[in-house]
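Participant: Sharing a structure below in structure tokens format, with a few things to ask.
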Amino acid sequence: MANLTLVQAINLALVQEMEKDDRVIILGEDVGLNGGVFRVTEGLHKRFGGDRVVDSPLAESGIIGTSVGLAMAGLRPVPEIQFEGFLGPAYDQICTHAARMRTRTRGALTVPMTIRVPVGGGIHAPELHSDSPESIYTHTPGLKVVMPASPYDAKGLLISAIRDPDPVIYFEPKRIYRAFREEVPEDEYTIPIGKARVVAEGEEMTVISWGASVVQCMSAIEKSDRSIELIDLRTISPIDMETIETSVKKTGRVVIVHEAPKTCGVGAELSARIMEHCFLYLEAPVQRVTGFDTIMPYYKLELEYLPDTERISKAIDEVAVY
Amino acid sequence: MPITKAFTTEIDYVSILDEHGNFDAQLGSDLISNDELVQLYEQMLTSRRFDEVAFKLQRSGRMGTYPQNMGQEATSLGAAFALEPHDWLVPCYRENTGLFHRGLPMEYILLHWMGDERGNQIPRELFMTPLAIPIGTQMLHATGLAWASKYRGESNIACTFFGDGATSEGDFHEAMNFAANLDIPVIFFCQNNHWAISVPGHIQCSAPTVAQRGVAYGMDCVQCDGNDIFAVTKVVKDAAQRARDNNRPTFIEAVTYRLGDHTTADDARRYRDEEEVEMWKTRDPMIRMRDHLKSLNLWNDSKEAAATEKAETLVAEAVKRAEEIAEQPVSEIFDSMYNTIDDPEMIRQRQTMRTSSIGQDPTQVESTEQVN
Ligand SMILES: Cc1ncc(C[n+]2csc(CCOP(=O)(O)OP(=O)(O)O)c2C)c(N)n1
Ligand SMILES: [Mg+2]
């Protein structure tokens, strides 16, 4: 057991999967000698060599498009897109090809790849280094979307993603890359894709979140004297409705928190599903605390944009007394 | 049938003032007047000073990530000098010197890296687009800008700047193909500084020159010494002529070097040899230009001291203007989203950003008064 940051936990998962399975290869911009701009792939180039840890040309469509080919040939590519803001050029290859290959060939060709992407705001980064585009990919059938909120989950989820027979987008919340450490077992373990985590149990209300916002929710909950259940989604697609349903039927009140803009954010889907599954149990309308329906501002105003403890606490109070 | 040559080509390399002080008078004599030369040198000096100060601002927590321009001053400066004031400059983010030459107040660049969109609110009459963070995307915009001026029968052209890494992106190739096949008066100016963060040039282009990428699109292309302001001026002037006279694009590869880290978030010692950097320091465009000015008796140590002091003042004033700019109202993040904001949901979000959790329509929440 070691006390690791999220970055180190991901690194450990990559090392162990690469040791175990020579079909696993990494490609992307600056992932080799430099160890990635966040040092997530630190040491891997030295350990596994340039054939398995590949500094690619600067082309996101190329990185994902060739990964689709590598995966169809039976390898397990783990491409990295340097920041979520640069998924744009890769969108076509992800949504038009990776997501559809299994269906359109009726299973003859499949794309078992894991696209690693740092995501989200709060680190004073330049433009296009702070967005939260998870709902775009959640809205794309054929993809799985994962976002860990802790080092322990980061390792277990990444191993599951790499072994998954379908394309997975593995979003890494960069705000908590090094924000805290956690005991992460050296031994191999997996966190199943599609299973949420109940972070704290409570009776009066359910707060649902994922990624770096989970940390914000935890501090809002600590400040409240109400009994609140916190669910970290961990996997955004597919959504673990069982865990949500059990919780909401118990509490009857829900607050959803995410960094992405409100309109058509994943919160909208969760809210609709809660209506479908738990309508008769609800004591209050489902409340969302999200980014605004604007472009993610440059960093001077980013903290005004991101859901903070204050806004989450307000929502908790509003929903509690409804 | 014998095999014949379908096509052969050669790529010109243009150098006028090399790092040893050799000057090709035949090519260089009428390009830049002595007065202009002094001015250009002073602008380089100011830009270099700006770079140092910006670096320190980042290190002391007064600014976010910043990409140093150090060592590449001659490229964008020579290009901006060779173009007309109404030609579009479509930059990446290592073209400060050229943008300042055009007249961009220095605080705009500072504001951009200080995380303030007002750094992109560039006056229209400067004919420049804001810094492009997504690599390799702006060349298509330059092509469109130049296309519009051709369509309207106007004389201005566009010049777009980008790095060696950017030539790997698909959009770059699409821009080149549009421009060549639709006869668009645009100049593609590649600053080949040998690195794309930690990735060396041969991963982006394994041909002997980057310049020859233009050949494949059927456009004129040329390689020049990017640390030689004369060579840059010449190749851009020639390209501008071709664009204005015949609507033909040109691809220019200016060979230069990134003397600093990629940005303040980078540590280049992890991936490149100090020896390489030391070698390129001897090719610094500023040293070369200063020595040339001295050889023409246009420069001396006291002029250098005076110019340095002036540069320090100019930069200090720009920093002050950037740091003392009025605070933006938080609602600013909504105000420029559309020409008019009439979506009631957005209006509500804007009005209640700090007073509500934003989730609900207040008419649904009788109880909000109790908690506000
Ligand atoms: C589309 C896109 N992908 C990745 C990045 C991250 N990134 C920023 S600069 C850079 C390297 C750029 O290299 P080059 O084009 O040679 O320009 P230079 O920085 O050397 O001037 C990378 C990969 C980005 N900004 N945009
Ligand atoms: Mg470069």
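In the structure tokens, each chain is lettered A, B, ... as it comes, each chain's residues begin at 1, and ligands are numbered from 1 in order of appearance.
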Taking only C-alpha atoms and all ligand atoms into account, which residues are within 6 Å of ligand 2, as a ChimeraX atom specification?
Facilitator: /B:163-165,192-196
Participant: Tell me which protein, DNA and RNA residues are within 9 Å of Ile256 (chain A), counting only C-alpha atoms, leaving out same-chain ones fewer than 3 positions away, and put them as a list in words.
Facilitator: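 Skipping anything fewer than 3 positions along the chain leaves Thr206, Val207, Ile208, Ser209, Gly267, Leu270, Ser271, Val286, Gln287, Arg288, Val289 and Thr290 of chain A.
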Participant: Just write the chosen residues, N, CA and C atoms, as a PDB file, in the first residue's frame.
Facilitator:
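See result33.pdb below for the written result:
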```pdb
ATOM      1  N   THR A 206     -30.021  13.445  -1.217  1.00  0.00           N
ATOM      2  CA  THR A 206     -28.970  12.808  -2.010  1.00  0.00           C
ATOM      3  C   THR A 206     -28.277  13.884  -2.844  1.00  0.00           C
ATOM      4  N   VAL A 207     -26.971  13.959  -2.729  1.00  0.00           N
ATOM      5  CA  VAL A 207     -26.199  14.838  -3.604  1.00  0.00           C
ATOM      6  C   VAL A 207     -25.435  13.942  -4.569  1.00  0.00           C
ATOM      7  N   ILE A 208     -25.558  14.248  -5.869  1.00  0.00           N
ATOM      8  CA  ILE A 208     -24.878  13.420  -6.885  1.00  0.00           C
ATOM      9  C   ILE A 208     -23.870  14.290  -7.626  1.00  0.00           C
ATOM     10  N   SER A 209     -22.666  13.775  -7.776  1.00  0.00           N
ATOM     11  CA  SER A 209     -21.656  14.534  -8.504  1.00  0.00           C
ATOM     12  C   SER A 209     -20.610  13.581  -9.065  1.00  0.00           C
ATOM     13  N   GLY A 267     -26.444  16.381 -15.705  1.00  0.00           N
ATOM     14  CA  GLY A 267     -27.470  16.594 -14.680  1.00  0.00           C
ATOM     15  C   GLY A 267     -28.878  16.509 -15.243  1.00  0.00           C
ATOM     16  N   LEU A 270     -29.739  12.864 -15.553  1.00  0.00           N
ATOM     17  CA  LEU A 270     -29.964  12.276 -14.227  1.00  0.00           C
ATOM     18  C   LEU A 270     -31.324  12.687 -13.690  1.00  0.00           C
ATOM     19  N   SER A 271     -31.623  13.967 -13.857  1.00  0.00           N
ATOM     20  CA  SER A 271     -32.885  14.480 -13.362  1.00  0.00           C
ATOM     21  C   SER A 271     -34.062  13.764 -14.042  1.00  0.00           C
ATOM     22  N   VAL A 286     -35.895  18.254  -8.348  1.00  0.00           N
ATOM     23  CA  VAL A 286     -34.449  17.992  -8.402  1.00  0.00           C
ATOM     24  C   VAL A 286     -33.739  19.313  -8.699  1.00  0.00           C
ATOM     25  N   GLN A 287     -32.703  19.587  -7.955  1.00  0.00           N
ATOM     26  CA  GLN A 287     -31.990  20.862  -8.092  1.00  0.00           C
ATOM     27  C   GLN A 287     -30.621  20.623  -8.714  1.00  0.00           C
ATOM     28  N   ARG A 288     -30.218  21.525  -9.636  1.00  0.00           N
ATOM     29  CA  ARG A 288     -28.888  21.396 -10.241  1.00  0.00           C
ATOM     30  C   ARG A 288     -28.005  22.579  -9.865  1.00  0.00           C
ATOM     31  N   VAL A 289     -26.769  22.297  -9.518  1.00  0.00           N
ATOM     32  CA  VAL A 289     -25.765  23.343  -9.314  1.00  0.00           C
ATOM     33  C   VAL A 289     -24.677  23.064 -10.342  1.00  0.00           C
ATOM     34  N   THR A 290     -24.528  23.964 -11.293  1.00  0.00           N
ATOM     35  CA  THR A 290     -23.667  23.650 -12.449  1.00  0.00           C
ATOM     36  C   THR A 290     -22.889  24.877 -12.887  1.00  0.00           C
TER      37      THR A 290
END
```
Participant: Which residue, B:Glu95, B:Asp225, B:Asp51, B:Asp116, has the smallest gap to ligand 1 when you use only C-alpha atoms and all ligand atoms?
Facilitator: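 Once distances to ligand 1 are computed over only C-alpha atoms and all ligand atoms, the minimum belongs to B:Glu95.
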Participant: Kindly assemble as a Markdown table a list of the chain A residues that lie within 10 Å of ligand 1, each paired with its nearest atom pair and their distance in Å to one decimal, using only C-alpha atoms and all ligand atoms, sorted first by chain and then by ascending residue number.
Facilitator:
```
| residue | atom | partner | partner_atom_place_in_ligand_line | distance |
| --- | --- | --- | --- | --- |
| A:Gly28 | CA | ligand 1 | 23 (C) | 9.3 |
| A:Glu29 | CA | ligand 1 | 23 (C) | 5.9 |
| A:Asp30 | CA | ligand 1 | 23 (C) | 7.3 |
| A:Val37 | CA | ligand 1 | 6 (C) | 9.0 |
| A:Ser56 | CA | ligand 1 | 23 (C) | 10.0 |
| A:Pro57 | CA | ligand 1 | 23 (C) | 8.9 |
| A:Leu58 | CA | ligand 1 | 23 (C) | 5.9 |
| A:Ala59 | CA | ligand 1 | 3 (N) | 6.8 |
| A:Glu60 | CA | ligand 1 | 3 (N) | 6.6 |
| A:Ser61 | CA | ligand 1 | 1 (C) | 9.5 |
| A:Ile81 | CA | ligand 1 | 4 (C) | 7.6 |
| A:Gln82 | CA | ligand 1 | 4 (C) | 6.0 |
| A:Phe83 | CA | ligand 1 | 4 (C) | 7.1 |
| A:Glu84 | CA | ligand 1 | 3 (N) | 9.4 |
| A:Gly85 | CA | ligand 1 | 26 (N) | 7.7 |
| A:Phe86 | CA | ligand 1 | 1 (C) | 4.7 |
| A:Leu87 | CA | ligand 1 | 1 (C) | 7.6 |
| A:Gly88 | CA | ligand 1 | 1 (C) | 7.5 |
| A:Pro89 | CA | ligand 1 | 1 (C) | 6.9 |
| A:Ala90 | CA | ligand 1 | 1 (C) | 9.2 |
| A:Pro126 | CA | ligand 1 | 25 (N) | 9.4 |
| A:Glu127 | CA | ligand 1 | 25 (N) | 9.1 |
| A:Leu128 | CA | ligand 1 | 25 (N) | 8.1 |
| A:His129 | CA | ligand 1 | 25 (N) | 8.5 |
```
Participant: Write down as a ChimeraX atom specification the residues of region 41-239 of chain A whose backbone DSSP state falls under strand (DSSP E).
Facilitator: /A:53-55,76-80,114-119,144-146,168-173,182-184,197-200,205-209,228-232,235-237
Participant: Using only C-alpha atoms, find the one residue out of B:Leu296, B:Met114, B:Ala158, B:Cys190 that sits nearest to Glu253 (chain B).
Facilitator: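 When distances to Glu253 (chain B) are compared using only C-alpha atoms, the smallest one comes from B:Cys190.
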